[in-house]
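Inspection log for the structure reproduced underneath, given as structure tokens.
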Amino acid sequence: MVESLENEITVNVLFFGAARDAVGQSEIELALPPASTLEFAFKRLLERFPDLNRFGRSLLFAVNQEYATPDRILAAGNELALFPPVSGGHSETSKAPEPSARKQSFFELTTAPIEVGAVARRVVLPECGATVTLDGYAREWTRGRRTLYLVYEAYEPMAQRELERLGQQALARFDIAHIGIVHRTGKLEIGETSVAIAVSAPHRRAAFEACEWAIRELKRTVPIWKKEVFEDGEVWVEGEADRATENDISQPQS
């Protein structure tokens with residue numbers, strides 16, 4: 001996009017999860033003065049969509065598919081994403097992942113059913129002595145309420161980058177050979193796999209540790225949201241923003 005007027009810039013704003021429900025649309029264009037900060041843009045959005053106030057300070061922000069802080073200066077044509085915390089918060093602002101020399105690793109989003117065995121076989125190599133696989137699937141009961149089905153939504157370009165970054169960190173942190181992560185989006189019936197993680201390593205302990213760390217980090221940092229649809233209603237499952245890094249954007253006084 002280009003500047004809409006001589007003294008304005010235009011940014012594209014995307015809304016996800018419960019934030020999209022509060023706004024009533026998934027994408028808008030927002031005109032701002034040049035050199036506006038993310039904080040200023042958010043205050044403009046609150047004026048336009050007051051229902052966003054119900055999230056308090058928990059909403060997270062990304063600019064051009066990377067987590068951003070309130071003092072980030074926006075430029076014409078930037079893509080600004082606004083969303084609730086993912087399953088368990090978010091991490092420090094991240095950079096794009098570096099290319100991995102271990103080509104057997106893979107990180108994918110899919111709308112198709114996941115075959116966990118096939119995911120595991122992709123990381124099995126002769127030099128490895130163990131493969132650990134996690135199969136996360138849709139459960140039927142949550143806190144005494146019967147779930148009919150789940151819906152997963154992702155900010156796909158950013159989710160792909162975050163999955164790759166997570167994989168690079170796992171390879172650097174643990175004595176493992178390869179890691180593969182496949183996450184499904186869209187509607188899932190009870191019992192269907194939502195995420196599969198497979199880790200191969202020379203020794204089993206490192207594979208177990210890396211697999212557990214990977215699912216925990218995925219739920220903290222990758223912009224994927226889950227809606228649970230019950231017999232008597234539905235709810236977006238949201239985590240809590242990491243207090244050390246949450247977006248401290250003041251709300252207007254009522």
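Residues in the structure tokens are numbered from 1 in each chain, the chains being A, B, ... in the order shown, and ligands are numbered from 1 in the order shown.
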- Item | DSSP strand (DSSP E) residues within stretch 17-160 of chain A, listed as a ChimeraX atom specification | /A:27-32,60-63,66-67,79-83,106-110,130-137,141-142,145-154
- Item | Filtered DSSP result for stretch 145-208 of chain A, state alpha helix (DSSP H), as a list in words |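 Taking stretch 145-208 of chain A and keeping alpha helix (DSSP H) gives Glu156, Pro157, Met158, Ala159, Gln160, Arg161, Glu162, Leu163, Glu164, Arg165, Leu166, Gly167, Gln168, Gln169, Ala170, Leu171, Ala172, Arg173, Arg204, Arg205, Ala206, Ala207 and Phe208 of chain A.
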- If you count only C-alpha atoms, the residue of A:Gly180, A:Asp71, A:Leu60, A:Ala18 closest to A:Ala118 turns out to be A:Gly180
- Within 12 Å of A:Ile197 using only C-alpha atoms, minus same-chain residues under 5 positions, as a VMD selection string: chain A and resid 105 to 108 114 to 123 131 to 137 163 166 to 167 170 178 to 184 207 to 208 210 to 216 218
- Query: Distance atom CA of A:Arg165-atom CA of A:Ser200, one decimal place?
  - Reply: 17.9 Å
- From the list A:Phe40, A:Leu80, A:Trp141, A:Glu8, which residue is nearest A:Ser26 when using only C-alpha atoms? A:Leu80
- Minimum-distance residue to A:Val86, chosen among A:Val13, A:Val237, A:Ala22, A:Leu45 (using only C-alpha atoms):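 Of A:Val13, A:Val237, A:Ala22, A:Leu45, the one nearest A:Val86 is A:Val237, counting only C-alpha atoms.
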- Item | atom CA of A:Glu217 to atom CA of A:Ala198, distance in Å rounded to a single decimal | 14.6 Å
- Residue nearest A:Leu109 among A:Gln65, A:Asn53, A:Gln160, A:Thr147 (counting only C-alpha atoms): A:Gln160
- Between A:Arg205, A:Arg161, A:Arg54, A:Arg146, which one has atoms that come closest to A:Glu228, using only C-alpha atoms?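 Looking at the shortest contact to A:Glu228, the residue is A:Arg146.
Interatomic distance, atom CA of A:Asp175 against atom CA of A:Thr221: 22.2 Å.
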- Task: Tell me, as a list in words, which residues lie within 10 Å of A:Phe49, counting only C-alpha atoms; anything in the same chain fewer than 5 positions away does not count.
- Result: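 Counting only C-alpha atoms, the residues come to Ala22, Val23, Gly24, Lys43 and Arg44 of chain A.
Excluding A:Gly129 itself and same-chain residues fewer than 6 positions from it, the residues having an atom within 7 Å of it are A:Ala201, A:Pro202, A:His203, counting only C-alpha atoms.
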Generate the output file for the selected residues, all heavy atoms, as a PDB file, in the first residue's frame.
ATOM      1  N   ALA A 201      16.956 -38.849  18.010  1.00  0.00           N
ATOM      2  CA  ALA A 201      18.208 -38.522  18.694  1.00  0.00           C
ATOM      3  C   ALA A 201      19.029 -39.793  18.873  1.00  0.00           C
ATOM      4  O   ALA A 201      18.502 -40.908  18.849  1.00  0.00           O
ATOM      5  CB  ALA A 201      17.926 -37.895  20.056  1.00  0.00           C
ATOM      6  N   PRO A 202      20.340 -39.635  19.086  1.00  0.00           N
ATOM      7  CA  PRO A 202      21.168 -40.811  19.370  1.00  0.00           C
ATOM      8  C   PRO A 202      20.746 -41.524  20.651  1.00  0.00           C
ATOM      9  O   PRO A 202      20.864 -42.742  20.762  1.00  0.00           O
ATOM     10  CB  PRO A 202      22.583 -40.228  19.494  1.00  0.00           C
ATOM     11  CG  PRO A 202      22.542 -38.955  18.724  1.00  0.00           C
ATOM     12  CD  PRO A 202      21.157 -38.416  18.936  1.00  0.00           C
ATOM     13  N   HIS A 203      20.214 -40.753  21.644  1.00  0.00           N
ATOM     14  CA  HIS A 203      19.826 -41.330  22.930  1.00  0.00           C
ATOM     15  C   HIS A 203      18.437 -40.825  23.326  1.00  0.00           C
ATOM     16  O   HIS A 203      18.078 -39.680  23.059  1.00  0.00           O
ATOM     17  CB  HIS A 203      20.850 -40.983  24.005  1.00  0.00           C
ATOM     18  CG  HIS A 203      22.254 -41.389  23.636  1.00  0.00           C
ATOM     19  ND1 HIS A 203      22.679 -42.699  23.645  1.00  0.00           N
ATOM     20  CD2 HIS A 203      23.305 -40.636  23.202  1.00  0.00           C
ATOM     21  CE1 HIS A 203      23.942 -42.750  23.260  1.00  0.00           C
ATOM     22  NE2 HIS A 203      24.341 -41.522  22.980  1.00  0.00           N
TER      23      HIS A 203
END
May I have the residues within 7 Å of stretch 29-37 of chain A as a short mmCIF file (atom, residue, chain, number, x, y, z; two decimals) with N, CA and C atoms, in the first residue's frame, using only C-alpha atoms and disregarding those fewer than 2 positions away in the same chain?
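That gives us selection.cif:
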data_model
loop_
_atom_site.label_atom_id
_atom_site.label_comp_id
_atom_site.auth_asym_id
_atom_site.auth_seq_id
_atom_site.Cartn_x
_atom_site.Cartn_y
_atom_site.Cartn_z
N ASN A 7 -0.51 13.52 4.43
CA ASN A 7 -0.18 13.49 5.85
C ASN A 7 -0.70 12.24 6.55
N GLU A 8 -0.92 11.18 5.82
CA GLU A 8 -1.37 9.93 6.41
C GLU A 8 -0.67 8.75 5.78
N ILE A 9 -0.54 7.69 6.55
CA ILE A 9 -0.14 6.40 6.01
C ILE A 9 -1.27 5.42 6.26
N THR A 10 -1.28 4.34 5.53
CA THR A 10 -2.30 3.30 5.72
C THR A 10 -1.61 1.99 6.05
N VAL A 11 -2.10 1.31 7.10
CA VAL A 11 -1.62 -0.02 7.45
C VAL A 11 -2.78 -0.99 7.36
N ASN A 12 -2.46 -2.25 7.12
CA ASN A 12 -3.47 -3.29 7.05
C ASN A 12 -3.53 -3.99 8.40
N VAL A 13 -4.71 -4.06 9.00
CA VAL A 13 -4.88 -4.65 10.33
C VAL A 13 -5.65 -5.95 10.22
N GLU A 39 1.43 1.61 19.74
CA GLU A 39 0.57 2.04 20.84
C GLU A 39 -0.48 3.03 20.37
N PHE A 40 -0.07 4.00 19.54
CA PHE A 40 -1.01 4.98 19.02
C PHE A 40 -2.05 4.31 18.12
N ALA A 41 -1.60 3.38 17.30
CA ALA A 41 -2.52 2.66 16.41
C ALA A 41 -3.56 1.88 17.22
N PRO A 70 5.01 -2.06 21.96
CA PRO A 70 4.19 -0.85 21.75
C PRO A 70 4.94 0.33 21.12
N ASP A 71 6.26 0.38 21.29
CA ASP A 71 7.00 1.52 20.75
C ASP A 71 7.44 1.33 19.30
N ARG A 72 7.01 0.24 18.68
CA ARG A 72 7.37 -0.01 17.29
C ARG A 72 6.78 1.08 16.39
N ILE A 73 7.60 1.68 15.54
CA ILE A 73 7.14 2.69 14.59
C ILE A 73 6.57 1.99 13.36
N LEU A 74 5.37 2.39 12.97
CA LEU A 74 4.72 1.78 11.81
C LEU A 74 5.00 2.57 10.55
N ALA A 75 5.07 1.85 9.44
CA ALA A 75 5.30 2.47 8.14
C ALA A 75 4.15 2.13 7.21
#
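Taking only C-alpha atoms into account, A:Phe83 lies nearest to A:Trp236 out of the set A:Phe174, A:Tyr149, A:Phe230, A:Trp236.
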